[in-house]
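A.B. asks: This structure is in structure tokens; I'll ask about it shortly.
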Amino acid sequence: MTNSEKVLAAIANKFGTQDPAKLQIQRWSYYDSVRLPVAGTNRVSFFNNPIGGVDPVSGLAKTLEETNVRRSGELDLPFVIMKVSTRIELLPVARQAAAIIATTNAVQGGMTAVHRALRNLANQGVLTVSFGQKVYFQIEQPFQKCPPGYGPSIRSIAGTTGATFPGQTLYYTQSVDPRDNYVVSPPTFVEKGQTFEAYIEFLLANSVVIPQVASENVAVNIRLAFDGYVIRPVQ
């Protein structure tokens with residue numbers, strides 16, 4: 001160790017905000033959401049656009065709501081993957097196009113065809129996750145086998161008293177039961193800075209076409225999350 005390195009180490013030990021000699025393990029989740037092309041696609045890739053990057057389909061900059069990765073294709077801390085989850089996210093009506101927002105029955109009745117398409121989407125796809133050019137996970141029908149395992153459980157849908165329009169006949173959601181999580185066994189340890197790829201391919205045919213509502217495209221995000229533990233120095 002050079003003199004300058006010794007000086008920096010001494011300063012870090014006395015005034016630093018963390019102690020690299022001591023480590024702590026914290027529960028954590030790395031996640032990424034991407035906009036699904038409504039006309040169908042043969043692949044959806046994740047973790048390519050970090051916070052501040054632009055989603056190529058929506059054209060919007062990503063915020064912490066969409067992703068918490070800061071580097072493309074890398075995790076910024078050592079991480080142990082315990083669970084893998086996916087989520088089909090139909091954005092709320094208030095965040096859809098103006099014409100959809102103005103549609104009176106957008107929630108009750110107007111989205112029936114959309115939910116039918118999402119149900120069909122849940123039966124498609126193969127999730128592939130590779131680290132350093134080596135495939136670690138390859139899961140068929142990931143939306144079925146890797147549900148989020150959290151969120152509200154939809155048991156009934158309100159109707160209308162005047163019956164001015166048909167009610168919602170289908171509302172698709174993935175399983176919210178944590179017992180249905182896809183558990184990684186044995187857990188996978190990912191080193192800091194390790195490059196990786198994660199994508200869902202639609203091999204036999206493209207993903208389903210999402211029907212329009214009020215002649216406007218419906219915004220649907222697809223989320224992939226790795227749940228587990230990060231390892232970081234003690235502060």
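All residue names refer to the structure tokens as shown: chains lettered A, B, ... in order, residues numbered from 1 in each chain, ligands numbered from 1 in order.
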Would you kindly return, as number ranges by chain, each protein, DNA or RNA residue with an atom no farther than 12 Å from any atom of Thr195 of chain A, considering only C-alpha atoms and excluding same-chain residues fewer than 3 positions away?

C.D. replies: A: 47-48, 71-76, 129-134, 190-192, 198

A.B. asks: With only C-alpha atoms counted and 9 Å as the cut-off, give the residues of segment 105-127 of chain A in contact with segment 85-101 of chain A, each with its shortest interatomic distance in Å and the pair that gives it, as a tab-separated table.

C.D. replies:
```
residue	atom	partner	partner_atom	distance
A:Ala106	CA	A:Ile100	CA	6.5
A:Val107	CA	A:Val93	CA	7.3
A:His115	CA	A:Leu90	CA	8.9
A:Leu118	CA	A:Ile88	CA	7.7
A:Leu121	CA	A:Ile88	CA	8.9
A:Ala122	CA	A:Ile88	CA	8.1
```

A.B. asks: Would you return as a tab-separated table (two decimals) with C-alpha atoms, in the first residue's frame the members of segment 3-224 of chain A that DSSP assigns to helix (DSSP H, G or I) on this structure's backbone?

C.D. replies:
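Ended up saving to states-v3.tsv:
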```tsv
chain	number	residue	atom	x	y	z
A	3	ASN	CA	1.59	6.34	1.43
A	4	SER	CA	-1.29	8.10	-0.27
A	5	GLU	CA	-3.45	4.98	0.05
A	6	LYS	CA	-2.55	4.74	3.75
A	7	VAL	CA	-3.52	8.37	4.27
A	8	LEU	CA	-6.86	7.89	2.47
A	9	ALA	CA	-7.57	4.74	4.50
A	10	ALA	CA	-6.83	6.57	7.75
A	11	ILE	CA	-9.09	9.47	6.77
A	12	ALA	CA	-11.86	7.07	5.74
A	13	ASN	CA	-11.63	5.19	9.05
A	14	LYS	CA	-11.91	8.40	11.06
A	15	PHE	CA	-14.26	10.55	9.01
A	93	VAL	CA	-57.52	5.24	-16.26
A	94	ALA	CA	-56.42	8.66	-14.98
A	95	ARG	CA	-52.97	8.03	-16.53
A	98	ALA	CA	-57.24	11.89	-22.64
A	99	ALA	CA	-59.91	10.19	-24.74
A	100	ILE	CA	-59.81	7.12	-22.48
A	101	ILE	CA	-60.05	9.30	-19.38
A	112	THR	CA	-63.32	-5.88	-20.92
A	113	ALA	CA	-61.52	-6.61	-24.21
A	114	VAL	CA	-58.27	-5.26	-22.75
A	115	HIS	CA	-58.46	-7.60	-19.75
A	116	ARG	CA	-59.21	-10.51	-22.08
A	117	ALA	CA	-56.01	-9.68	-23.98
A	118	LEU	CA	-54.04	-9.45	-20.70
A	119	ARG	CA	-55.34	-12.87	-19.66
A	120	ASN	CA	-54.10	-14.28	-22.97
A	121	LEU	CA	-50.78	-12.47	-22.54
A	142	PRO	CA	-43.45	-16.29	-16.40
A	143	PHE	CA	-46.61	-14.25	-15.79
A	144	GLN	CA	-48.27	-17.42	-14.48
A	145	LYS	CA	-45.29	-18.99	-12.70
A	178	PRO	CA	-47.12	-14.66	-1.62
A	179	ARG	CA	-47.19	-18.47	-1.49
A	180	ASP	CA	-47.24	-18.45	-5.30
```

A.B. asks: Tell me, which residues of segment 2-228 of chain A carry DSSP strand (DSSP E or B), written as number ranges by chain?

C.D. replies: A: 19-35, 43-46, 54, 61, 67, 71, 74, 79-90, 126-131, 134-140, 182-190, 195-201, 213, 216, 220-228

A.B. asks: Find the spatial neighbours of Tyr182 of chain A, counting only C-alpha atoms, within a cut-off of 9 Å - ignore same-chain residues fewer than 5 positions away - and output them as a count of residues only.

C.D. replies: 7

A.B. asks: Using only C-alpha atoms, which of the listed residues (A:Gly228, A:Gly149, A:Gly53, A:Pro37) sits closest to Phe189 of chain A?

C.D. replies: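 Under the stated criterion, the closest residue is A:Gly228.
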
A.B. asks: Tell me which of A:Leu204, A:Val220, A:Ile210, A:Val57 sits closest to Asn42 of chain A, counting only C-alpha atoms.

C.D. replies: A:Leu204

A.B. asks: Would you please work out which residue, of A:Asn181, A:Pro78, A:Arg35, A:Ala214, is nearest to Ala61 of chain A when using only C-alpha atoms?

C.D. replies: A:Arg35

A.B. asks: Measuring between only C-alpha atoms, which one of A:Ala205, A:Leu64, A:Val38, A:Leu224 shows the shortest distance to Gly52 of chain A?

C.D. replies: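 Going through A:Ala205, A:Leu64, A:Val38, A:Leu224 one by one, the smallest distance to Gly52 of chain A is for A:Leu64.
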
A.B. asks: Can you work out which one of A:Val218, A:Val213, A:Ala39, A:Ile200 has the shortest atom-to-atom distance to Thr128 of chain A, counting only C-alpha atoms?

C.D. replies: A:Ile200

A.B. asks: Hey, what's within 7 Å of Val126 of chain A if we count only C-alpha atoms and toss same-chain stuff fewer than 5 positions away? As a PyMOL selection string, please?

C.D. replies: chain A and resi 138-142+200-202

A.B. asks: Which of these, A:Ser207, A:Phe137, A:Gln212, A:Gly151, has the shortest distance to Ser185 of chain A once you count only C-alpha atoms?

C.D. replies: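 Of all the options, A:Phe137 lies closest to Ser185 of chain A.
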
A.B. asks: Could you check how far atom CA of Ile231 of chain A sits from atom CA of Arg27 of chain A, in Å to one decimal?

C.D. replies: 9.1 Å
